[in-house]
$ cat model_22.cif   # mmCIF, C-alpha atoms and all ligand atoms
data_my_file
#
loop_
_atom_site.label_atom_id
_atom_site.label_comp_id
_atom_site.auth_asym_id
_atom_site.auth_seq_id
_atom_site.Cartn_x
_atom_site.Cartn_y
_atom_site.Cartn_z
CA MET A 1 176.18 149.56 14.88
CA ASN A 2 175.89 145.79 15.12
CA ILE A 3 176.88 144.43 18.52
CA LEU A 4 177.89 140.96 19.73
CA ILE A 5 177.67 139.87 23.38
CA LEU A 6 179.66 136.80 24.43
CA GLY A 7 178.05 134.58 27.07
CA GLY A 8 174.68 133.04 27.82
CA GLY A 9 173.73 133.61 31.45
CA GLY A 10 171.55 135.97 33.43
CA ARG A 11 174.31 138.57 33.33
CA GLU A 12 174.35 138.53 29.54
CA HIS A 13 170.54 138.67 29.35
CA ALA A 14 170.61 141.82 31.50
CA LEU A 15 173.36 143.33 29.31
CA ALA A 16 171.43 142.47 26.15
CA TRP A 17 168.20 143.91 27.58
CA ALA A 18 169.90 147.23 28.39
CA ILE A 19 171.99 147.48 25.20
CA ALA A 20 169.06 146.64 22.90
CA GLN A 21 167.19 149.72 24.19
CA ASN A 22 169.92 152.11 23.05
CA PRO A 23 169.27 153.63 19.60
CA LYS A 24 172.97 153.16 18.72
CA CYS A 25 172.34 149.41 18.66
CA ASP A 26 171.20 148.17 15.26
CA GLN A 27 171.44 144.39 15.24
CA LEU A 28 172.26 142.60 18.48
CA PHE A 29 173.79 139.11 18.56
CA CYS A 30 174.63 136.90 21.51
CA ALA A 31 176.82 133.79 21.56
CA PRO A 32 175.58 131.36 22.71
CA GLY A 33 172.67 133.17 24.45
CA ASN A 34 169.59 131.45 25.90
CA ALA A 35 165.80 131.42 25.52
CA GLY A 36 165.34 134.78 27.27
CA ILE A 37 168.14 136.48 25.36
CA ALA A 38 166.52 135.26 22.12
CA GLU A 39 163.71 137.76 22.78
CA VAL A 40 166.08 140.75 22.46
CA ALA A 41 168.99 139.41 20.39
CA GLN A 42 169.80 136.86 17.73
CA CYS A 43 171.46 133.89 19.45
CA VAL A 44 174.33 132.31 17.56
CA ASP A 45 175.96 128.93 17.94
CA LEU A 46 179.51 130.14 18.43
CA ASP A 47 182.09 129.17 21.07
CA PRO A 48 182.78 132.38 23.04
CA ASP A 49 186.22 131.07 24.09
CA ASP A 50 187.38 130.63 20.48
CA GLY A 51 188.83 134.01 19.53
CA ASP A 52 189.45 133.19 15.85
CA ALA A 53 185.88 131.96 15.38
CA VAL A 54 184.56 135.15 17.03
CA VAL A 55 186.70 137.33 14.72
CA GLU A 56 185.37 135.43 11.70
CA PHE A 57 181.78 135.93 12.86
CA CYS A 58 182.40 139.66 13.40
CA ALA A 59 183.65 140.03 9.84
CA ALA A 60 180.68 138.12 8.41
CA GLU A 61 178.06 140.15 10.33
CA SER A 62 179.81 143.56 10.30
CA ILE A 63 180.03 143.65 14.09
CA GLY A 64 181.23 147.03 15.34
CA PHE A 65 181.46 146.25 19.05
CA VAL A 66 181.94 143.10 21.14
CA VAL A 67 181.00 142.92 24.84
CA ILE A 68 182.58 140.02 26.73
CA GLY A 69 180.43 138.78 29.64
CA PRO A 70 182.12 135.84 31.43
CA GLU A 71 185.67 135.37 32.71
CA ALA A 72 186.57 132.30 30.62
CA PRO A 73 186.97 134.15 27.26
CA LEU A 74 188.85 136.94 29.06
CA ALA A 75 191.28 134.52 30.71
CA ALA A 76 191.66 132.82 27.29
CA GLY A 77 192.70 136.13 25.71
CA VAL A 78 189.72 136.54 23.36
CA SER A 79 189.80 140.32 23.89
CA ASP A 80 193.43 140.43 22.68
CA THR A 81 192.55 138.42 19.57
CA LEU A 82 189.63 140.76 18.82
CA ARG A 83 191.68 143.92 19.35
CA SER A 84 194.47 142.56 17.13
CA ALA A 85 191.79 142.23 14.45
CA ARG A 86 190.86 145.91 15.09
CA ILE A 87 187.44 145.08 16.51
CA LEU A 88 186.24 147.45 19.24
CA THR A 89 185.97 145.29 22.36
CA PHE A 90 184.77 145.70 25.93
CA GLY A 91 186.81 143.54 28.31
CA PRO A 92 190.34 143.42 29.72
CA SER A 93 193.35 141.87 28.03
CA LYS A 94 194.55 138.46 29.14
CA ALA A 95 197.37 140.14 31.05
CA ALA A 96 194.97 142.45 32.91
CA ALA A 97 192.50 139.61 33.53
CA GLN A 98 195.14 138.22 35.90
CA LEU A 99 193.40 140.37 38.51
CA GLU A 100 190.80 137.61 38.65
CA ALA A 101 192.71 134.63 37.28
CA SER A 102 195.47 134.77 39.92
CA LYS A 103 194.97 135.65 43.56
CA THR A 104 198.74 135.96 44.03
CA PHE A 105 198.91 138.52 41.23
CA THR A 106 196.17 140.61 42.88
CA LYS A 107 197.98 140.49 46.22
CA GLU A 108 201.19 141.69 44.55
CA ILE A 109 199.30 144.60 42.97
CA CYS A 110 197.82 145.52 46.37
CA ASP A 111 201.29 145.41 47.94
CA ALA A 112 202.74 147.54 45.17
CA CYS A 113 200.06 150.24 45.35
CA GLY A 114 199.34 150.12 49.09
CA ALA A 115 195.69 149.01 48.80
CA PRO A 116 194.34 147.70 52.13
CA THR A 117 193.65 143.95 52.01
CA ALA A 118 194.11 140.88 54.23
CA ALA A 119 197.65 139.87 55.22
CA TYR A 120 198.64 136.77 53.27
CA ALA A 121 201.26 134.22 52.39
CA HIS A 122 201.65 132.18 49.23
CA PHE A 123 202.59 128.47 49.06
CA SER A 124 203.34 125.85 46.45
CA ASP A 125 204.06 123.18 49.05
CA ALA A 126 201.59 121.60 51.51
CA GLU A 127 204.00 121.18 54.45
CA ALA A 128 205.05 124.83 54.43
CA ALA A 129 201.39 125.89 54.17
CA LYS A 130 200.46 123.71 57.14
CA ALA A 131 203.32 125.04 59.23
CA TYR A 132 202.02 128.56 58.52
CA VAL A 133 198.47 127.62 59.61
CA ARG A 134 199.78 126.03 62.85
CA GLN A 135 201.60 129.27 63.59
CA GLN A 136 198.66 131.60 62.65
CA GLY A 137 195.73 129.63 64.10
CA ALA A 138 192.07 130.00 63.03
CA PRO A 139 189.80 131.40 61.68
CA ILE A 140 191.89 131.63 58.54
CA VAL A 141 191.12 131.67 54.82
CA ILE A 142 192.56 129.18 52.32
CA LYS A 143 192.33 129.99 48.59
CA ALA A 144 193.27 128.06 45.48
CA ASP A 145 195.37 130.49 43.42
CA GLY A 146 193.68 130.02 40.02
CA LEU A 147 190.15 130.15 38.62
CA ALA A 148 187.96 127.61 40.42
CA ALA A 149 184.45 128.72 39.40
CA GLY A 150 183.93 130.51 42.71
CA LYS A 151 184.55 127.35 44.72
CA GLY A 152 188.23 127.75 45.50
CA VAL A 153 187.86 129.65 48.80
CA VAL A 154 187.45 128.02 52.21
CA VAL A 155 186.97 130.10 55.35
CA ALA A 156 188.32 127.62 57.93
CA MET A 157 186.92 128.19 61.41
CA THR A 158 189.30 125.68 63.07
CA PRO A 159 192.96 124.77 62.47
CA GLY A 160 191.84 121.17 61.71
CA GLU A 161 189.58 122.38 58.90
CA ALA A 162 192.39 124.55 57.53
CA LEU A 163 194.87 121.65 57.51
CA SER A 164 192.48 119.26 55.76
CA THR A 165 191.60 121.98 53.19
CA ILE A 166 195.30 122.34 52.40
CA ASP A 167 195.53 118.58 51.85
CA ASP A 168 192.47 118.69 49.57
CA MET A 169 193.81 121.58 47.50
CA PHE A 170 197.26 120.17 47.00
CA GLY A 171 195.61 116.76 46.47
CA GLY A 172 193.94 118.15 43.34
CA ALA A 173 190.39 118.85 44.61
CA PHE A 174 190.36 122.08 42.59
CA GLY A 175 192.43 120.81 39.68
CA ALA A 176 195.27 122.96 38.43
CA ALA A 177 193.81 126.00 40.27
CA GLY A 178 194.97 124.44 43.57
CA ALA A 179 198.60 123.81 42.65
CA GLU A 180 199.36 127.09 44.40
CA VAL A 181 197.56 128.25 47.52
CA VAL A 182 197.13 131.65 49.16
CA ILE A 183 196.49 131.73 52.90
CA GLU A 184 194.89 134.89 54.22
CA GLU A 185 194.04 136.60 57.43
CA PHE A 186 190.31 136.28 58.17
CA MET A 187 188.66 139.69 57.83
CA GLU A 188 185.55 140.54 59.83
CA GLY A 189 182.93 142.96 58.64
CA GLU A 190 180.14 143.40 56.10
CA GLU A 191 180.71 142.56 52.43
CA ALA A 192 179.74 144.68 49.44
CA SER A 193 180.57 144.83 45.76
CA PHE A 194 181.54 147.87 43.74
CA PHE A 195 181.45 148.05 39.93
CA ILE A 196 183.77 150.48 38.18
CA LEU A 197 184.41 151.00 34.48
CA SER A 198 187.98 151.81 33.47
CA ASP A 199 189.38 152.66 30.04
CA GLY A 200 192.91 152.04 31.31
CA GLU A 201 193.33 155.50 32.75
CA ASN A 202 189.99 157.06 33.67
CA ILE A 203 187.35 155.45 35.86
CA LEU A 204 183.57 155.67 36.13
CA PRO A 205 181.78 154.02 39.10
CA ILE A 206 178.51 152.43 37.96
CA GLY A 207 177.01 151.04 41.12
CA THR A 208 177.27 149.03 44.31
CA ALA A 209 175.52 145.79 45.26
CA GLN A 210 175.28 143.11 47.91
CA ASP A 211 174.61 139.48 47.14
CA HIS A 212 173.55 136.32 48.94
CA LYS A 213 175.97 133.48 48.32
CA ARG A 214 174.40 130.74 50.43
CA ALA A 215 171.74 128.48 48.92
CA TYR A 216 169.09 128.70 51.64
CA ASP A 217 167.23 131.23 53.80
CA GLY A 218 169.06 132.77 56.73
CA ASP A 219 172.32 132.58 54.75
CA THR A 220 172.58 128.84 55.42
CA GLY A 221 173.51 125.92 53.17
CA PRO A 222 176.27 125.56 50.62
CA ASN A 223 177.87 128.45 48.72
CA THR A 224 176.48 129.19 45.28
CA GLY A 225 177.24 131.64 42.48
CA GLY A 226 174.69 133.95 44.15
CA MET A 227 170.98 133.47 44.98
CA GLY A 228 170.01 137.13 44.85
CA ALA A 229 171.34 140.67 45.06
CA TYR A 230 170.30 144.25 45.54
CA SER A 231 171.64 147.65 44.58
CA PRO A 232 172.70 150.05 45.97
CA ALA A 233 174.49 148.53 48.98
CA PRO A 234 173.64 150.62 52.07
CA VAL A 235 177.04 149.84 53.64
CA MET A 236 178.71 151.66 50.73
CA THR A 237 178.09 155.12 52.16
CA PRO A 238 179.54 158.11 50.29
CA GLU A 239 182.49 158.13 52.75
CA VAL A 240 183.24 154.41 52.33
CA THR A 241 182.87 154.75 48.54
CA GLN A 242 185.33 157.65 48.43
CA LYS A 243 187.85 155.72 50.53
CA ALA A 244 187.45 152.70 48.27
CA LEU A 245 188.11 154.83 45.20
CA ASP A 246 191.07 156.72 46.65
CA GLU A 247 192.80 153.89 48.53
CA ILE A 248 191.99 150.82 46.41
CA ILE A 249 190.51 151.39 42.94
CA LYS A 250 192.50 154.36 41.63
CA PRO A 251 195.85 153.00 42.90
CA THR A 252 195.09 149.61 41.28
CA ILE A 253 194.24 151.18 37.91
CA ALA A 254 197.39 153.34 38.08
CA GLU A 255 199.56 150.33 39.01
CA MET A 256 198.18 148.28 36.10
CA ALA A 257 198.90 151.14 33.68
CA LYS A 258 202.40 151.59 35.10
CA ARG A 259 203.15 147.92 34.41
CA GLY A 260 202.16 148.29 30.77
CA THR A 261 199.01 146.19 31.24
CA PRO A 262 196.29 148.86 31.52
CA TYR A 263 192.93 147.65 32.75
CA GLN A 264 190.08 148.19 30.29
CA GLY A 265 186.65 146.86 31.18
CA VAL A 266 184.54 146.55 34.30
CA LEU A 267 186.36 145.99 37.56
CA TYR A 268 184.22 144.22 40.14
CA ALA A 269 185.72 144.78 43.55
CA GLY A 270 184.61 142.78 46.60
CA PHE A 271 185.17 144.61 49.88
CA MET A 272 185.00 143.77 53.55
CA ILE A 273 183.92 146.88 55.43
CA LYS A 274 184.48 147.39 59.14
CA ASP A 275 184.30 150.65 61.10
CA GLY A 276 183.96 152.60 57.85
CA GLN A 277 187.15 151.13 56.36
CA PRO A 278 186.92 149.06 53.16
CA ARG A 279 189.52 146.35 52.53
CA LEU A 280 189.80 144.39 49.31
CA VAL A 281 188.61 140.77 49.37
CA GLU A 282 189.01 140.12 45.66
CA TYR A 283 188.75 141.50 42.16
CA ASN A 284 186.77 140.04 39.30
CA VAL A 285 187.28 141.23 35.74
CA ARG A 286 183.63 140.99 34.64
CA PHE A 287 180.20 141.87 35.93
CA GLY A 288 178.89 139.78 38.83
CA ASP A 289 176.01 137.44 38.21
CA PRO A 290 173.34 138.21 39.54
CA GLU A 291 174.74 141.65 40.52
CA CYS A 292 174.75 142.68 36.84
CA GLN A 293 170.99 142.19 36.70
CA VAL A 294 170.31 144.83 39.36
CA ILE A 295 172.94 147.24 38.01
CA MET A 296 171.56 146.97 34.44
CA GLN A 297 168.00 147.47 35.61
CA ARG A 298 169.05 150.70 37.30
CA LEU A 299 171.17 151.99 34.40
CA GLY A 300 169.14 150.87 31.39
CA ALA A 301 170.02 151.96 27.85
CA GLN A 302 172.74 154.47 28.84
CA VAL A 303 175.01 151.57 29.76
CA LEU A 304 175.89 151.08 26.09
CA ASP A 305 177.33 154.60 25.89
CA ALA A 306 179.42 153.92 28.98
CA LEU A 307 180.69 150.57 27.65
CA LEU A 308 181.59 152.19 24.33
CA ALA A 309 183.45 155.02 26.10
CA THR A 310 185.35 152.37 28.09
CA ALA A 311 186.46 150.59 24.93
CA GLU A 312 187.23 153.83 23.07
CA GLY A 313 189.25 155.35 25.92
CA THR A 314 186.93 158.33 26.43
CA LEU A 315 185.54 157.59 29.88
CA ASP A 316 186.65 161.02 31.11
CA GLU A 317 183.81 162.46 28.98
CA ALA A 318 181.20 159.86 30.00
CA ARG A 319 178.46 160.49 32.55
CA ILE A 320 175.87 158.35 34.28
CA ASN A 321 172.44 159.82 34.93
CA TRP A 322 171.40 158.38 38.24
CA ALA A 323 167.79 157.85 39.18
CA ASP A 324 167.31 157.72 42.93
CA ASP A 325 166.13 154.11 42.74
CA HIS A 326 166.78 150.62 44.03
CA ALA A 327 166.75 147.19 42.42
CA LEU A 328 166.56 143.67 43.81
CA THR A 329 166.85 140.30 42.10
CA VAL A 330 165.78 136.85 43.26
CA VAL A 331 167.38 133.82 41.62
CA TYR A 332 165.11 130.88 40.77
CA ALA A 333 167.28 127.75 40.74
CA THR A 334 166.68 124.07 40.00
CA LYS A 335 166.13 122.01 43.16
CA GLY A 336 169.43 120.33 44.06
CA TYR A 337 171.61 123.27 42.96
CA PRO A 338 174.50 123.83 43.74
CA GLY A 339 174.76 120.03 43.91
CA ALA A 340 173.38 117.58 41.34
CA TYR A 341 170.09 118.52 39.64
CA GLU A 342 167.84 117.41 36.78
CA LYS A 343 167.64 119.34 33.52
CA GLY A 344 164.68 119.74 31.20
CA SER A 345 161.75 120.62 33.50
CA VAL A 346 159.10 122.97 32.06
CA ILE A 347 158.65 126.53 33.35
CA ARG A 348 155.22 128.15 32.98
CA GLY A 349 153.80 131.59 33.70
CA LEU A 350 156.79 133.62 32.49
CA GLY A 351 154.63 135.91 30.34
CA VAL A 352 152.50 136.88 33.34
CA ALA A 353 155.44 137.36 35.72
CA ASP A 354 156.89 140.35 33.89
CA ASP A 355 153.57 142.14 33.25
CA ASP A 356 154.73 144.75 35.75
CA PRO A 357 156.79 147.41 33.88
CA PHE A 358 159.17 147.55 36.87
CA VAL A 359 159.97 143.83 36.62
CA GLU A 360 162.28 141.95 34.25
CA VAL A 361 162.68 138.18 34.30
CA PHE A 362 166.24 137.56 33.17
CA HIS A 363 167.04 134.06 31.98
CA ALA A 364 170.23 132.35 33.12
CA GLY A 365 169.77 128.72 32.11
CA THR A 366 166.84 128.16 29.77
CA ALA A 367 166.11 126.83 26.30
CA GLU A 368 163.06 126.77 24.06
CA LYS A 369 161.77 123.29 23.23
CA ASN A 370 158.52 122.51 21.40
CA GLY A 371 157.22 125.98 22.22
CA GLN A 372 157.93 125.59 25.95
CA THR A 373 160.63 127.12 28.13
CA ILE A 374 162.73 124.48 29.84
CA ALA A 375 165.37 124.72 32.56
CA THR A 376 168.86 123.82 31.43
CA GLY A 377 171.02 124.90 34.34
CA GLY A 378 171.42 125.32 38.10
CA ARG A 379 170.59 128.99 38.27
CA VAL A 380 167.74 129.38 35.79
CA LEU A 381 166.01 132.76 36.21
CA ALA A 382 166.77 136.06 37.95
CA VAL A 383 163.52 137.90 38.70
CA THR A 384 164.55 141.53 38.97
CA ALA A 385 162.55 144.58 40.04
CA ARG A 386 163.11 148.28 40.43
CA GLY A 387 161.50 150.57 43.03
CA GLU A 388 161.72 153.93 44.72
CA ASN A 389 163.13 152.12 47.73
CA LEU A 390 164.43 148.64 48.46
CA GLN A 391 161.18 147.47 50.06
CA GLN A 392 159.21 148.33 46.94
CA ALA A 393 161.73 146.60 44.67
CA HIS A 394 161.63 143.59 46.99
CA ASP A 395 157.83 143.38 47.01
CA ARG A 396 157.62 143.68 43.22
CA ALA A 397 160.25 140.98 42.65
CA TYR A 398 158.55 138.54 45.02
CA ALA A 399 155.06 139.28 43.62
CA ALA A 400 156.44 138.43 40.16
CA ILE A 401 158.32 135.27 41.11
CA GLU A 402 155.22 133.87 42.82
CA LYS A 403 153.42 133.97 39.45
CA ILE A 404 155.92 131.57 37.91
CA ASP A 405 154.80 127.97 37.86
CA TRP A 406 157.84 125.75 38.20
CA PRO A 407 157.56 122.94 40.78
CA GLU A 408 161.15 121.79 40.11
CA GLY A 409 162.61 125.15 41.16
CA PHE A 410 163.40 126.87 44.46
CA TYR A 411 164.30 130.38 45.55
CA ARG A 412 165.25 132.17 48.75
CA LYS A 413 162.47 134.06 50.52
CA ASP A 414 164.75 136.50 52.33
CA ILE A 415 166.79 138.35 49.69
CA GLY A 416 167.69 141.79 51.02
CA TRP A 417 167.05 140.92 54.69
CA ARG A 418 170.16 142.66 55.93
CA ALA A 419 169.18 145.98 54.35
CA LEU A 420 165.44 145.71 55.08
P1 LIG B 1 186.35 135.18 46.95
O1 LIG B 1 186.07 134.10 45.94
O2 LIG B 1 187.77 135.54 47.11
O3 LIG B 1 185.37 136.32 46.84
O4 LIG B 1 185.90 134.56 48.34
C1 LIG B 1 184.60 134.05 48.52
C2 LIG B 1 184.06 134.53 49.84
O5 LIG B 1 184.91 134.09 50.90
C3 LIG B 1 184.04 136.03 49.98
O6 LIG B 1 182.91 136.60 49.39
C4 LIG B 1 184.07 136.18 51.49
O7 LIG B 1 182.78 135.96 52.03
C5 LIG B 1 184.96 135.06 51.93
N1 LIG B 1 186.34 135.53 52.10
C6 LIG B 1 187.33 135.53 51.19
N2 LIG B 1 188.46 136.04 51.70
C7 LIG B 1 188.19 136.36 52.98
C8 LIG B 1 188.96 136.92 54.06
N3 LIG B 1 190.26 137.20 53.93
N4 LIG B 1 188.33 137.11 55.24
C9 LIG B 1 187.03 136.79 55.40
N5 LIG B 1 186.26 136.25 54.44
C10 LIG B 1 186.83 136.04 53.24
N1 LIG B 2 177.80 136.67 42.23
C1 LIG B 2 179.17 136.45 42.34
C2 LIG B 2 179.94 136.45 41.09
O1 LIG B 2 179.46 136.74 40.01
O2 LIG B 2 181.13 136.15 41.15
#

$ encode --input "model_22.cif" --output "structure tokens" --more "lines below"
Ligand code: AMP
Ligand code: GLY
Amino acid sequence: MNILILGGGGREHALAWAIAQNPKCDQLFCAPGNAGIAEVAQCVDLDPDDGDAVVEFCAAESIGFVVIGPEAPLAAGVSDTLRSARILTFGPSKAAAQLEASKTFTKEICDACGAPTAAYAHFSDAEAAKAYVRQQGAPIVIKADGLAAGKGVVVAMTPGEALSTIDDMFGGAFGAAGAEVVIEEFMEGEEASFFILSDGENILPIGTAQDHKRAYDGDTGPNTGGMGAYSPAPVMTPEVTQKALDEIIKPTIAEMAKRGTPYQGVLYAGFMIKDGQPRLVEYNVRFGDPECQVIMQRLGAQVLDALLATAEGTLDEARINWADDHALTVVYATKGYPGAYEKGSVIRGLGVADDDPFVEVFHAGTAEKNGQTIATGGRVLAVTARGENLQQAHDRAYAAIEKIDWPEGFYRKDIGWRAL
């Protein structure tokens, strides 16, 4: 079958790399794609958020399956438009994508199904929010309700910081996303991510991961979209995983179905784990980036069968063949990221870096210009390696990234430190 992937980041490169290896995949397209994706798929100049344009493209190219990568087309309802046009699609409906698009919605689902999460209150008025903070004290967590590109969460260590954050959010610092604010209890513990496929009724766990959100070594500096990740997450022991499935994931999937908005796609759950008890931090309705890179490297071609079973509603018959392996990815970003940075610098040595069969260099923000690969984004590459253990994956990834010649880039030297 012909397949279309929507998106153009490192996550979509990893998806394309895995899907292209499956014999069921005839022609693979990606919109808009990037220079790395162009090596495994045909990149097309098509707006992934424009559902009608995507439907038209699918008809023209006889696309049999669409995989939606990022949250924007999901929140825009592109999956609904595609399904109305009878195109097999991987990704939740707009109604189900509320699990990421609205923090209040997720909290209501947790309340309804009894999933453990932080205590919270919801405000659409700054004075009431401030009164609540004065009463609760700090540390406390302030969240813009809507989608804010991962920047709408502030963990306030003092009441003063919490109060000024509330002013910023209601003052429009996060745009429309901050018109409503959720204030949460601060949870202590270790964080991990869990990726689960759901066809609306059945579920299939496909891996755990931990990421590094801060820009610099030692988990210092500003928050980013993620500077590296590894899979599996040691903190997700079989006992913690079982609890997460029984107390959080299965009840959420059942509650969504009960409401008439079944969840179909990948559910990316962020947990805080303390004393063997997972509590939900948040849901995302897509793969994490760069977590997807490590999950795809571990799963490989079989992921297409699992994504198809998700879309077709046959996940109860699907299986994952697990290798006892580990993967680790290091993000190479443009200097200045996550703040202001220059675009257009030349990256050399990419061909040499992935000589090792256990290494893949996934592109997140690149383009091809005059035969050279240039950086076009903040996060530019995700150098990803597999190994029999985490140390081996780590050493392979770092050996590869050191071969890349890109003076305008930077990367963290300590990805995986907590587990190593
Ligand atoms: P989110 O965008 O909701 O994942 O939040 C971003 C980050 O903020 C999370 O990965 C956590 O590190 C932190 N965070 C969010 N909510 C809480 C909470 N209730 N307690 C402690 N940390 C939190
Ligand atoms: N790496 C975090 C995310 O994709 O949201």

$ residues_around --input "model_22.cif" --residues "stretch 35-46 of chain A" --least-positions-apart "3" --cutoff "6 Å" --atoms "all atoms listed in the file" --output "PDB file with C-alpha atoms, in the coordinates of the input"
ATOM      1  CA  HIS A  13     170.540 138.670  29.350  1.00  0.00           C
ATOM      2  CA  LEU A  28     172.260 142.600  18.480  1.00  0.00           C
ATOM      3  CA  PHE A  29     173.790 139.110  18.560  1.00  0.00           C
ATOM      4  CA  CYS A  30     174.630 136.900  21.510  1.00  0.00           C
ATOM      5  CA  ALA A  31     176.820 133.790  21.560  1.00  0.00           C
ATOM      6  CA  PRO A  32     175.580 131.360  22.710  1.00  0.00           C
ATOM      7  CA  HIS A 363     167.040 134.060  31.980  1.00  0.00           C
ATOM      8  CA  THR A 366     166.840 128.160  29.770  1.00  0.00           C
ATOM      9  CA  ALA A 367     166.110 126.830  26.300  1.00  0.00           C
ATOM     10  CA  GLU A 368     163.060 126.770  24.060  1.00  0.00           C
TER      11      GLU A 368
END

$ residues_around --input "model_22.cif" --residues "A:Gln242" --least-positions-apart "6" --cutoff "12 Å" --atoms "all atoms listed in the file" --output "list in words"
Phe194, Pro205, Met236, Ile248, Ile249, Lys250, Gly276, Gln277 and Pro278 of chain A

$ residues_around --input "model_22.cif" --residues "stretch 126-141 of chain A" --least-positions-apart "5" --cutoff "10 Å" --atoms "all atoms listed in the file" --output "number ranges by chain"
A: 118, 120-121, 153-171, 179-187

$ write_last_selection --input "model_22.cif" --atoms "C-alpha atoms" --output "tab-separated table (two decimals), in the frame of the given file"
chain	number	residue	atom	x	y	z
A	118	ALA	CA	194.11	140.88	54.23
A	120	TYR	CA	198.64	136.77	53.27
A	121	ALA	CA	201.26	134.22	52.39
A	153	VAL	CA	187.86	129.65	48.80
A	154	VAL	CA	187.45	128.02	52.21
A	155	VAL	CA	186.97	130.10	55.35
A	156	ALA	CA	188.32	127.62	57.93
A	157	MET	CA	186.92	128.19	61.41
A	158	THR	CA	189.30	125.68	63.07
A	159	PRO	CA	192.96	124.77	62.47
A	160	GLY	CA	191.84	121.17	61.71
A	161	GLU	CA	189.58	122.38	58.90
A	162	ALA	CA	192.39	124.55	57.53
A	163	LEU	CA	194.87	121.65	57.51
A	164	SER	CA	192.48	119.26	55.76
A	165	THR	CA	191.60	121.98	53.19
A	166	ILE	CA	195.30	122.34	52.40
A	167	ASP	CA	195.53	118.58	51.85
A	168	ASP	CA	192.47	118.69	49.57
A	169	MET	CA	193.81	121.58	47.50
A	170	PHE	CA	197.26	120.17	47.00
A	171	GLY	CA	195.61	116.76	46.47
A	179	ALA	CA	198.60	123.81	42.65
A	180	GLU	CA	199.36	127.09	44.40
A	181	VAL	CA	197.56	128.25	47.52
A	182	VAL	CA	197.13	131.65	49.16
A	183	ILE	CA	196.49	131.73	52.90
A	184	GLU	CA	194.89	134.89	54.22
A	185	GLU	CA	194.04	136.60	57.43
A	186	PHE	CA	190.31	136.28	58.17
A	187	MET	CA	188.66	139.69	57.83

$ closest_residue --input "model_22.cif" --among "A:Asp324, A:Asp395, A:Glu282, A:Asp356" --to "ligand LIG 2 (chain B)" --atoms "all atoms listed in the file"
A:Glu282

$ residues_around --input "model_22.cif" --residues "A:Ala215" --least-positions-apart "5" --cutoff "9 Å" --atoms "only C-alpha atoms" --output "PyMOL selection string"
chain A and resi 220-224+226-227+337-338+411-412

$ axis_aligned_box --input "model_22.cif" --around "ligand LIG 2 (chain B)" --padding-each-side "3 Å" --output "lines of an AutoDock Vina configuration file"
center_x = 179.5
center_y = 136.4
center_z = 41.2
size_x = 9.3
size_y = 6.6
size_z = 8.3

$ residues_around --input "model_22.cif" --residues "A:Phe57" --least-positions-apart "5" --cutoff "10 Å" --atoms "all atoms listed in the file" --output "VMD selection string"
chain A and resid 4 44 46 51 to 52 62 to 63

$ write_last_selection --input "model_22.cif" --atoms "C-alpha atoms" --output "PDB file, in the coordinates of the input"
ATOM      1  CA  LEU A   4     177.890 140.960  19.730  1.00  0.00           C
ATOM      2  CA  VAL A  44     174.330 132.310  17.560  1.00  0.00           C
ATOM      3  CA  LEU A  46     179.510 130.140  18.430  1.00  0.00           C
ATOM      4  CA  GLY A  51     188.830 134.010  19.530  1.00  0.00           C
ATOM      5  CA  ASP A  52     189.450 133.190  15.850  1.00  0.00           C
ATOM      6  CA  SER A  62     179.810 143.560  10.300  1.00  0.00           C
ATOM      7  CA  ILE A  63     180.030 143.650  14.090  1.00  0.00           C
TER       8      ILE A  63
END

$ residues_near_ligand --input "model_22.cif" --ligand "ligand LIG 2 (chain B)" --cutoff "7 Å" --atoms "all atoms listed in the file" --output "PyMOL selection string"
chain A and resi 150+211+225-226+287-291

$ closest_residue --input "model_22.cif" --among "A:Tyr263, A:Ala397, A:Cys292, A:Ala311" --to "A:Val66" --atoms "all atoms listed in the file"
A:Ala311

$ closest_residue --input "model_22.cif" --among "A:Ser193, A:Gln302, A:Asn34, A:Gln293" --to "ligand LIG 1 (chain B)" --atoms "all atoms listed in the file"
A:Ser193

$ closest_residue --input "model_22.cif" --among "A:Tyr230, A:Tyr283, A:Phe358, A:Tyr332" --to "A:Trp417" --atoms "all atoms listed in the file"
A:Tyr230
